[in-house]
>>> print(open('target.txt').read())   # compact mmCIF, C-alpha atoms
# COMPACT_ATOMS: atom_id res chain seq x y z
CA MET A 520 98.36 93.54 33.22
CA ASN A 521 100.71 94.80 35.94
CA ALA A 522 101.09 93.64 39.53
CA TYR A 523 98.61 96.24 40.74
CA ASP A 524 95.89 95.03 38.39
CA THR A 525 96.52 91.44 39.45
CA LEU A 526 96.16 92.36 43.11
CA MET A 527 92.87 94.15 42.52
CA GLN A 528 91.17 91.52 40.32
CA PRO A 529 87.82 90.25 41.70
CA SER A 530 88.45 87.22 43.85
CA SER A 531 87.33 83.77 42.73
CA VAL A 532 87.24 82.60 46.37
CA PRO A 533 85.46 84.19 49.33
CA LEU A 534 87.24 87.37 50.36
CA ILE A 535 86.38 86.59 53.97
CA ALA A 536 87.47 82.94 53.96
CA ASP A 537 90.20 81.95 56.40
CA GLU A 538 93.43 80.22 55.46
CA ALA A 539 92.07 76.80 56.37
CA GLY A 540 89.36 77.18 53.76
CA GLU A 541 86.59 77.52 56.33
CA GLY A 542 84.48 80.62 56.43
CA GLU A 543 85.39 83.32 58.90
CA ARG A 544 83.18 83.95 61.89
CA VAL A 545 81.34 87.24 61.37
CA TYR A 546 79.80 89.29 64.16
CA VAL A 547 77.09 91.79 63.20
CA ILE A 548 76.53 95.34 64.37
CA GLN A 549 72.85 95.97 63.65
CA PRO A 550 71.72 99.62 63.84
CA ILE A 551 68.05 100.13 64.64
CA PHE A 552 66.36 102.95 62.72
CA GLY A 553 62.82 101.69 62.29
CA SER A 554 60.61 98.62 62.16
CA GLN A 555 62.48 96.95 59.28
CA TYR A 556 65.70 96.27 61.17
CA LYS A 557 64.69 92.64 61.80
CA VAL A 558 64.35 92.00 58.07
CA LEU A 559 67.68 93.71 57.43
CA HIS A 560 69.28 91.52 60.08
CA GLU A 561 67.86 88.34 58.56
CA GLU A 562 69.28 89.45 55.21
CA ALA A 563 72.67 90.08 56.81
CA VAL A 564 72.80 86.55 58.21
CA ALA A 565 71.83 85.12 54.80
CA LEU A 566 74.47 87.29 53.10
CA ILE A 567 77.13 86.03 55.51
CA GLN A 568 76.22 82.44 54.72
CA SER A 569 76.14 83.17 50.97
CA ALA A 570 79.70 84.50 51.26
CA GLY A 571 80.87 81.22 52.78
CA ALA A 572 81.26 82.62 56.30
CA ARG A 573 79.74 81.71 59.67
CA TYR A 574 77.41 83.93 61.67
CA ALA A 575 78.80 84.52 65.18
CA GLY A 576 76.27 86.83 66.83
CA THR A 577 74.81 90.35 66.86
CA ILE A 578 74.86 93.49 68.92
CA TYR A 579 71.95 95.90 68.40
CA GLN A 580 72.06 99.68 68.77
CA THR A 581 69.15 102.10 68.51
CA ILE A 582 70.26 105.11 66.46
CA ARG A 583 68.72 108.44 67.41
CA GLU A 584 71.58 110.50 66.03
CA VAL A 585 74.41 109.21 63.85
CA ASP A 586 77.85 109.63 65.41
CA PRO A 587 79.99 111.09 62.58
CA ALA A 588 83.12 109.34 63.91
CA THR A 589 81.85 105.80 64.61
CA PHE A 590 78.14 105.85 63.59
CA ILE A 591 77.01 103.98 66.75
CA GLY A 592 78.90 105.93 69.42
CA ALA A 593 81.89 105.30 71.66
CA GLY A 594 79.89 103.74 74.50
CA LYS A 595 78.46 100.93 72.39
CA LEU A 596 81.89 100.32 70.86
CA ARG A 597 83.43 99.91 74.32
CA GLU A 598 80.72 97.38 75.17
CA LEU A 599 81.36 95.51 71.92
CA SER A 600 85.12 95.61 72.42
CA ASP A 601 84.77 93.98 75.85
CA ARG A 602 82.41 91.36 74.42
CA LEU A 603 84.72 90.42 71.53
CA GLU A 604 88.05 90.69 73.34
CA GLY A 605 90.34 87.77 72.48
CA LEU A 606 88.06 86.43 69.73
CA GLU A 607 89.10 86.04 66.10
CA LEU A 608 86.18 87.66 64.30
CA THR A 609 85.30 89.87 61.37
CA VAL A 610 82.81 92.60 62.28
CA LEU A 611 80.03 93.42 59.83
CA PHE A 612 78.26 96.75 60.17
CA ASN A 613 74.87 96.09 58.58
CA GLY A 614 74.67 99.41 56.75
CA ASP A 615 76.98 101.79 54.93
CA LEU A 616 80.05 103.24 56.63
CA SER A 617 82.28 106.07 55.51
CA PRO A 618 86.00 105.23 55.16
CA SER A 619 86.83 107.11 58.37
CA GLN A 620 84.04 105.39 60.32
CA THR A 621 85.36 102.00 59.20
CA LEU A 622 88.87 102.85 60.40
CA ASN A 623 87.63 104.29 63.70
CA ILE A 624 85.48 101.24 64.52
CA SER A 625 88.37 98.91 63.67
CA LYS A 626 90.71 100.90 65.93
CA ALA A 627 88.18 100.86 68.80
CA LEU A 628 87.88 97.08 68.47
CA GLY A 629 91.62 96.48 68.73
CA GLY A 630 92.32 96.32 65.02
CA LYS A 631 89.66 93.77 64.07
CA LYS A 632 88.68 93.68 60.42
CA VAL A 633 85.52 95.75 59.87
CA ILE A 634 83.40 95.59 56.72
CA ASP A 635 80.07 97.14 55.84
CA ARG A 636 77.06 95.81 53.95
CA THR A 637 78.35 97.01 50.58
CA ALA A 638 81.70 95.25 51.03
CA LEU A 639 79.94 91.99 51.88
CA ILE A 640 77.62 92.20 48.85
CA LEU A 641 80.60 92.95 46.60
CA ASP A 642 82.30 89.85 47.98
CA ILE A 643 79.30 87.72 46.99
CA PHE A 644 79.15 89.39 43.57
CA ALA A 645 82.80 88.46 43.02
CA LEU A 646 81.93 84.83 43.78
CA ARG A 647 78.86 84.71 41.55
CA ALA A 648 80.00 86.55 38.41
CA GLN A 649 80.59 84.10 35.55
CA SER A 650 80.32 86.09 32.32
CA SER A 651 83.05 88.46 31.18
CA GLU A 652 80.64 91.39 31.52
CA GLY A 653 79.62 90.38 35.02
CA LYS A 654 83.25 90.20 36.08
CA LEU A 655 83.91 93.63 34.60
CA GLN A 656 80.96 95.08 36.50
CA VAL A 657 82.10 93.52 39.76
CA GLU A 658 85.65 94.77 39.30
CA LEU A 659 84.43 98.28 38.50
CA ALA A 660 82.22 98.33 41.59
CA GLN A 661 85.13 97.09 43.73
CA TYR A 662 87.45 99.82 42.46
CA LYS A 663 84.86 102.54 43.04
CA TYR A 664 84.34 101.22 46.56
CA LEU A 665 88.08 101.03 47.23
CA TYR A 666 89.06 104.44 45.83
CA PRO A 667 87.80 106.68 48.68
CA ARG A 668 89.12 104.14 51.21
CA LEU A 669 92.78 104.36 50.16
CA LYS A 670 93.55 106.90 52.89
CA GLY A 671 96.33 105.51 55.03
CA LYS A 672 96.92 102.47 52.80
CA GLY A 673 99.72 103.90 50.69
CA GLY A 674 102.38 102.01 52.62
CA ALA A 675 100.56 98.71 52.15
CA LEU A 676 100.63 99.16 48.38
CA SER A 677 104.09 100.74 48.19
CA ARG A 678 105.63 97.81 46.37
CA LEU A 679 103.35 98.51 43.42
CA GLY A 680 104.54 102.07 42.84
CA GLY A 681 108.21 101.53 42.04
CA GLY A 682 109.88 101.81 38.68
CA ILE A 683 110.73 104.48 36.14
CA GLY A 684 107.81 106.61 35.07
CA THR A 685 105.49 105.72 37.94
CA ARG A 686 106.19 108.76 40.11
CA GLY A 687 106.17 112.46 39.49
CA PRO A 688 108.38 114.87 41.42
CA GLY A 689 107.24 114.80 45.02
CA GLU A 690 104.26 112.53 44.26
CA SER A 691 103.10 110.52 47.25
CA GLN A 692 102.52 106.77 47.10
CA LEU A 693 98.86 107.34 47.94
CA GLU A 694 98.43 109.53 44.86
CA THR A 695 100.22 106.92 42.73
CA ASP A 696 97.76 104.28 43.93
CA ARG A 697 94.82 106.58 43.27
CA ARG A 698 96.12 107.29 39.78
CA HIS A 699 96.31 103.55 39.09
CA ILE A 700 92.71 103.11 40.22
CA ARG A 701 91.41 106.07 38.21
CA ALA A 702 93.05 104.64 35.09
CA ARG A 703 91.60 101.20 35.73
CA ILE A 704 88.11 102.60 36.35
CA HIS A 705 88.28 104.49 33.05
CA ALA A 706 89.41 101.33 31.20
CA LEU A 707 86.61 99.25 32.73
CA GLU A 708 83.96 101.85 31.92
CA THR A 709 85.17 101.90 28.31
CA LYS A 710 84.93 98.09 28.06
CA LEU A 711 81.44 98.09 29.55
CA LYS A 712 80.27 100.72 27.06
CA ASP A 713 81.38 98.38 24.27
CA THR A 714 79.38 95.51 25.76
CA GLU A 715 76.35 97.79 26.17
CA GLN A 716 76.51 98.63 22.47
CA ARG A 717 76.62 94.94 21.56
CA ARG A 718 73.63 94.24 23.80
CA ALA A 719 71.73 97.15 22.24
CA LEU A 720 72.31 95.62 18.81
CA LEU A 721 71.02 92.27 20.10
CA ALA A 722 67.92 93.96 21.54
CA ARG A 723 67.20 95.67 18.21
CA ARG A 724 67.59 92.34 16.42
CA ARG A 725 65.06 90.73 18.78
CA LYS A 726 62.59 93.51 18.12
CA LYS A 727 63.12 93.12 14.39
CA GLU A 728 62.46 89.39 14.72
CA ARG A 729 59.32 90.21 16.76
CA VAL A 730 60.39 88.14 19.76
CA LYS A 731 58.71 89.46 22.88
CA THR A 732 60.87 89.56 26.00
CA VAL A 733 59.56 88.67 29.46
CA ALA A 734 61.93 89.66 32.28
CA LEU A 735 62.04 88.05 35.72
CA VAL A 736 62.80 90.68 38.35
CA GLY A 737 62.44 90.86 42.08
CA TYR A 738 64.07 90.19 45.40
CA THR A 739 67.00 87.83 45.53
CA ASN A 740 66.22 84.22 46.45
CA THR A 741 62.50 84.35 45.62
CA GLY A 742 62.74 81.54 43.04
CA LYS A 743 63.28 83.44 39.78
CA SER A 744 65.79 80.93 38.41
CA THR A 745 63.53 78.02 39.39
CA LEU A 746 60.66 79.73 37.55
CA LEU A 747 62.85 80.26 34.49
CA GLY A 748 63.61 76.55 34.38
CA ALA A 749 59.98 75.59 34.93
CA MET A 750 58.67 77.90 32.20
CA THR A 751 61.31 77.14 29.58
CA GLY A 752 62.39 73.59 30.39
CA ALA A 753 65.98 74.80 30.46
CA ASP A 754 68.62 73.51 32.84
CA VAL A 755 69.63 76.63 34.78
CA PHE A 756 71.66 77.06 37.95
CA VAL A 757 69.44 77.10 41.03
CA LYS A 758 70.64 77.54 44.61
CA ASP A 759 68.95 78.54 47.86
CA ALA A 760 71.24 81.52 48.46
CA LEU A 761 71.21 85.29 48.05
CA PHE A 762 72.49 86.48 44.67
CA ALA A 763 72.81 82.91 43.34
CA THR A 764 72.19 84.41 39.88
CA LEU A 765 74.24 87.46 39.01
CA ASP A 766 74.61 87.32 35.23
CA PRO A 767 71.45 87.63 33.11
CA THR A 768 70.23 84.32 31.68
CA ALA A 769 67.92 84.20 28.62
CA ARG A 770 65.91 81.17 27.47
CA ALA A 771 63.26 80.75 24.77
CA PHE A 772 59.77 79.38 25.43
CA GLU A 773 56.36 79.29 23.73
CA ILE A 774 52.78 80.08 24.65
CA GLU A 775 50.29 78.68 22.14
CA LYS A 776 53.19 78.22 19.72
CA VAL A 777 54.09 81.92 19.91
CA PRO A 778 57.79 82.34 20.71
CA PHE A 779 58.89 84.41 23.71
CA LEU A 780 62.19 85.05 25.44
CA MET A 781 62.43 84.90 29.23
CA VAL A 782 65.34 86.69 30.94
CA ASP A 783 66.43 86.15 34.55
CA THR A 784 68.19 89.10 36.21
CA VAL A 785 70.16 89.88 39.37
CA GLY A 786 67.97 90.07 42.47
CA PHE A 787 67.42 93.04 44.72
CA LEU A 788 67.72 93.58 48.45
CA GLN A 789 66.25 96.13 50.83
CA GLU A 790 68.54 99.16 50.94
CA LEU A 791 70.74 97.83 48.15
CA PRO A 792 73.41 100.55 47.86
CA THR A 793 72.82 102.96 44.98
CA SER A 794 76.42 102.52 43.84
CA LEU A 795 75.80 98.80 43.27
CA ILE A 796 72.56 99.46 41.40
CA GLU A 797 74.41 101.82 39.08
CA ALA A 798 77.25 99.34 38.63
CA PHE A 799 74.81 96.69 37.39
CA LYS A 800 72.56 99.00 35.42
CA SER A 801 73.76 97.51 32.12
CA THR A 802 72.88 94.00 33.33
CA LEU A 803 69.42 95.22 34.33
CA GLU A 804 68.79 96.74 30.91
CA SER A 805 67.22 93.43 29.88
CA ALA A 806 64.50 94.20 32.45
CA LEU A 807 64.26 97.88 31.56
CA ASN A 808 63.79 97.11 27.85
CA CYS A 809 61.44 94.14 28.24
CA ASP A 810 57.92 93.94 26.85
CA LEU A 811 56.60 92.56 30.15
CA ALA A 812 58.16 92.13 33.60
CA LEU A 813 57.25 89.45 36.10
CA ILE A 814 57.96 90.76 39.60
CA VAL A 815 58.53 87.59 41.59
CA CYS A 816 57.91 87.66 45.35
CA ASP A 817 58.08 84.98 48.04
CA ALA A 818 54.78 84.07 49.71
CA THR A 819 56.69 82.73 52.74
CA GLY A 820 58.49 86.05 53.31
CA PRO A 821 57.64 89.75 53.56
CA TYR A 822 56.27 89.90 50.00
CA GLU A 823 54.91 93.45 50.38
CA LEU A 824 58.39 94.69 51.29
CA GLN A 825 59.88 92.69 48.42
CA LEU A 826 57.44 94.19 45.93
CA ARG A 827 57.96 97.74 47.19
CA THR A 828 61.75 97.39 47.16
CA THR A 829 61.73 95.99 43.62
CA LEU A 830 59.44 98.67 42.23
CA ASP A 831 61.38 101.47 43.94
CA THR A 832 64.66 100.15 42.53
CA LEU A 833 63.27 99.73 39.03
CA ARG A 834 61.77 103.22 39.03
CA GLU A 835 65.15 104.65 40.04
CA LEU A 836 66.45 103.12 36.81
CA GLY A 837 63.64 104.56 34.65
CA PHE A 838 61.54 101.38 34.36
CA ASP A 839 58.12 101.98 32.76
CA ALA A 840 57.17 98.61 31.20
CA PRO A 841 53.96 96.73 32.10
CA TYR A 842 54.35 94.11 34.81
CA LEU A 843 52.60 91.25 36.59
CA VAL A 844 53.06 90.47 40.29
CA VAL A 845 53.90 86.77 40.68
CA ILE A 846 53.83 85.29 44.19
CA ASN A 847 55.95 82.13 44.35
CA LYS A 848 56.07 79.29 46.94
CA CYS A 849 52.31 79.44 47.48
CA ASP A 850 52.29 75.65 47.95
CA VAL A 851 54.05 76.00 51.33
CA ALA A 852 52.89 79.46 52.42
CA GLY A 853 49.74 78.35 54.22
CA ASP A 854 46.84 80.77 54.70
CA VAL A 855 48.48 84.01 53.58
CA ARG A 856 46.55 87.05 52.42
CA LEU A 857 47.90 87.99 48.98
CA PRO A 858 47.10 90.80 46.51
CA LYS A 859 43.95 90.12 44.48
CA ASP A 860 45.55 90.74 41.09
CA CYS A 861 48.68 88.64 41.67
CA VAL A 862 49.41 85.30 40.03
CA ARG A 863 49.85 82.58 42.65
CA ILE A 864 52.34 79.90 41.67
CA SER A 865 54.81 77.32 42.85
CA ALA A 866 57.74 77.19 40.46
CA LYS A 867 58.92 74.03 42.20
CA THR A 868 55.69 72.01 41.80
CA GLY A 869 54.28 73.70 38.68
CA MET A 870 51.19 75.01 40.45
CA GLY A 871 49.70 78.02 38.67
CA LEU A 872 52.10 78.01 35.71
CA GLU A 873 49.35 77.54 33.12
CA GLU A 874 47.49 80.52 34.58
CA LEU A 875 50.74 82.49 34.47
CA LYS A 876 51.20 81.70 30.78
CA ALA A 877 47.63 82.81 30.08
CA ARG A 878 48.20 86.05 32.00
CA ILE A 879 51.43 86.71 30.07
CA PHE A 880 49.66 86.21 26.75
CA SER A 881 46.74 88.33 27.90
CA ALA A 882 49.04 91.13 29.08
CA LEU A 883 50.58 91.25 25.61
CA ARG A 884 47.30 90.77 23.74
CA ASP A 885 47.52 94.24 22.21
CA GLU A 886 50.63 93.01 20.44
CA PHE A 887 48.85 90.04 18.82
CA ILE A 888 45.65 89.13 17.06
CA VAL A 889 44.40 85.55 17.35
CA THR A 890 42.30 84.93 14.26
CA ALA A 891 41.05 82.39 11.75
CA LEU A 892 42.14 82.70 8.11
CA PHE A 893 40.97 81.04 4.92
CA ILE A 894 43.36 80.97 1.95
CA PRO A 895 41.98 79.81 -1.43
CA TYR A 896 44.45 77.71 -3.40
CA ALA A 897 44.55 80.42 -6.08
CA GLN A 898 46.00 82.84 -3.47
CA MET A 899 48.37 80.39 -1.78
CA ALA A 900 51.49 81.80 -3.46
CA ALA A 901 50.73 85.32 -2.23
CA TYR A 902 49.98 84.00 1.26
CA SER A 903 53.22 81.99 1.35
CA ALA A 904 55.22 85.22 0.96
CA LEU A 905 53.59 86.53 4.15
CA ARG A 906 53.66 83.28 6.09
CA LEU A 907 56.90 83.99 7.96
CA LEU A 908 55.30 87.00 9.64
CA ILE A 909 52.81 84.93 11.67
CA THR A 910 52.54 81.87 13.93
CA GLU A 911 50.28 79.15 12.56
CA GLN A 912 48.63 77.20 15.35
CA SER A 913 46.78 74.79 13.10
CA VAL A 914 46.21 74.22 9.36
CA GLU A 915 43.40 72.19 7.74
CA TYR A 916 42.97 71.65 4.00
CA ASN A 917 39.76 71.06 2.05
CA GLU A 918 38.73 71.14 -1.61
CA GLU A 919 38.72 74.95 -1.82
CA GLY A 920 41.78 75.96 0.23
CA ALA A 921 43.37 76.02 3.68
CA SER A 922 41.79 77.01 6.99
CA VAL A 923 44.42 78.44 9.33
CA LYS A 924 44.24 79.37 12.99
CA ALA A 925 47.00 81.93 13.49
CA VAL A 926 48.52 84.47 15.83
CA ILE A 927 49.40 87.65 13.93
CA PRO A 928 51.49 90.55 15.25
CA ALA A 929 49.16 93.55 15.36
CA ILE A 930 51.48 95.61 13.16
CA TYR A 931 50.91 93.13 10.29
CA SER A 932 47.16 92.67 10.72
CA GLU A 933 46.22 94.69 7.62
CA LYS A 934 48.33 92.43 5.39
CA PHE A 935 46.14 89.46 6.37
CA ARG A 936 42.76 91.18 6.34
CA PRO A 937 41.82 89.70 2.91
CA TYR A 938 42.12 86.20 4.42
CA ALA A 939 40.47 86.87 7.79
CA VAL A 940 37.40 84.85 8.70
CA ARG A 941 36.87 86.08 12.25
CA ARG A 942 38.82 87.40 15.20
CA GLU A 943 38.81 85.09 18.18
CA GLU A 944 38.60 86.20 21.78
CA ARG A 945 40.98 84.87 24.39
CA PRO A 946 39.44 82.15 26.59
>>> encode(input="target.txt", output="structure tokens")
Amino acid sequence: MNAYDTLMQPSSVPLIADEAGEGERVYVIQPIFGSQYKVLHEEAVALIQSAGARYAGTIYQTIREVDPATFIGAGKLRELSDRLEGLELTVLFNGDLSPSQTLNISKALGGKKVIDRTALILDIFALRAQSSEGKLQVELAQYKYLYPRLKGKGGALSRLGGGIGTRGPGESQLETDRRHIRARIHALETKLKDTEQRRALLARRRKKERVKTVALVGYTNTGKSTLLGAMTGADVFVKDALFATLDPTARAFEIEKVPFLMVDTVGFLQELPTSLIEAFKSTLESALNCDLALIVCDATGPYELQLRTTLDTLRELGFDAPYLVVINKCDVAGDVRLPKDCVRISAKTGMGLEELKARIFSALRDEFIVTALFIPYAQMAAYSALRLLITEQSVEYNEEGASVKAVIPAIYSEKFRPYAVRREERP
């Protein structure tokens, strides 16, 4: 790894932390396009706090026509410059800026550091990534974000371009830096393809072993990790913060002795940049390839917006699996009107979890047959050869043979027809 690669590695500390270790003060520019700007602003404040920074205030600007140079217009920038004069602040534009717009806003504000929503989310991703794959995905997203923003930064990186073989005749430092980034992006994409192949092999093995996968998807900070722990009994990291879980976490659990695998995935946000969705597409494959998805929403928040955002994002990725809508935090939501077909739960208190398990089993009932079998002792050897294909819920022996209550994968039902007594309906 050369000096350039070291410089560009994802940070393990907040990128917007000050030298004293305290979070920077961040002032928000909030454009107003429609009725959802309040929700977007609340998310921005939560993102700032998740990044270890401090929220310092907001200036709002109704956008009727985007200014190609500064997005919000010179007049509003003059007002903001007067308001922030003499203050040590980072300015967050709560939306996406082009590289030139970022530079122009910074110049208009006297050289203050300006970041956009994507840069802030990438900062949080760099903090949260724990697995090697997650770190690769973050680094790749950072490089792709940085590449078009190198204009005018060649001098700042000039110390990285020296040495024999690093320059062609007449090659500018900016092009040298871009060449470094292109090479690194290619190397990261190659590594991620290798990890995708390994995960595909793991997915095929799970299918071969007949383990059904239930994926937790939804808005960030709706309680997915808490639900994973409550359903599986596993000790998983839980924090009241946006993007607390970045890497997928899988844990085994059972419903009526039938094994399942539950996978927690990275959360979504309204207007999550497409580039970030693409960067984490491999991580989200656990949701795309699941047998059933649980779309977890927060009863205390704008759950309709959360559900719509999640479904829109999943559909962009080609999601077509069955799903259940799970509304969490119903114990503290009060009198809230919720969708009729949703499952109301509290992952924290356990309320509604038994109903959720029943709905999961019911949603996958086409995959299983719950039946009673009788195996005469004379046929026990033949039955024993098939035993590993099913889940025995209970076994009772009498003088003639064994009575078994079992759950049989539908694809193997014909093999057990000679022993079937009756098919049972789900309660």
>>> atom_distance(input="target.txt", atom1="CA of Leu843 in chain A", atom2="CA of Arg878 in chain A")
8.2 Å
>>> atom_distance(input="target.txt", atom1="CA of Gly869 in chain A", atom2="CA of Val851 in chain A")
12.9 Å
>>> residues_around(input="target.txt", residues="Val610 in chain A", least_positions_apart="2", cutoff="9 Å", atoms="only C-alpha atoms", output="PyMOL selection string")
chain A and resi 544-548+608+612+625+631-635
>>> residues_around(input="target.txt", residues="Lys867 in chain A", least_positions_apart="6", cutoff="9 Å", atoms="all atoms listed in the file", output="list of chain:residue names")
A:Gly742, A:Thr745, A:Leu746, A:Ala749, A:Asn847, A:Lys848, A:Asp850
>>> closest_residue(input="target.txt", among="A:Ser650, A:Lys557, A:Phe644, A:Leu596", to="Leu628 in chain A", atoms="only C-alpha atoms")
A:Leu596
>>> residues_around(input="target.txt", residues="Ala925 in chain A", least_positions_apart="3", cutoff="6 Å", atoms="only C-alpha atoms", output="list in words")
Val889, Thr890, Thr910, Glu911 and Gln912 of chain A
>>> closest_residue(input="target.txt", among="A:Leu892, A:Leu665, A:Val855, A:Leu646", to="Ser617 in chain A", atoms="all atoms listed in the file")
A:Leu665
>>> build_atoms(input="target.txt", residues="range 704-715 of chain A", atoms="N, CA and C atoms", output="compact mmCIF listing (two decimals), in the coordinates of the input")
# COMPACT_ATOMS: atom_id res chain seq x y z
N ILE A 704 89.54 102.32 36.42
CA ILE A 704 88.11 102.60 36.35
C ILE A 704 87.74 103.09 34.95
N HIS A 705 88.55 103.98 34.41
CA HIS A 705 88.28 104.49 33.05
C HIS A 705 88.32 103.35 32.04
N ALA A 706 89.30 102.45 32.15
CA ALA A 706 89.41 101.33 31.20
C ALA A 706 88.21 100.40 31.32
N LEU A 707 87.76 100.13 32.53
CA LEU A 707 86.61 99.25 32.73
C LEU A 707 85.33 99.88 32.19
N GLU A 708 85.16 101.17 32.43
CA GLU A 708 83.96 101.85 31.92
C GLU A 708 83.94 101.83 30.40
N THR A 709 85.09 101.95 29.77
CA THR A 709 85.17 101.90 28.31
C THR A 709 84.77 100.51 27.81
N LYS A 710 85.27 99.46 28.46
CA LYS A 710 84.93 98.09 28.06
C LYS A 710 83.44 97.83 28.22
N LEU A 711 82.87 98.32 29.32
CA LEU A 711 81.44 98.09 29.55
C LEU A 711 80.57 98.83 28.55
N LYS A 712 81.02 100.00 28.09
CA LYS A 712 80.27 100.72 27.06
C LYS A 712 80.24 99.91 25.77
N ASP A 713 81.35 99.23 25.46
CA ASP A 713 81.38 98.38 24.27
C ASP A 713 80.39 97.23 24.40
N THR A 714 80.32 96.61 25.57
CA THR A 714 79.38 95.51 25.76
C THR A 714 77.94 96.01 25.72
N GLU A 715 77.70 97.22 26.22
CA GLU A 715 76.35 97.79 26.17
C GLU A 715 75.92 98.01 24.73
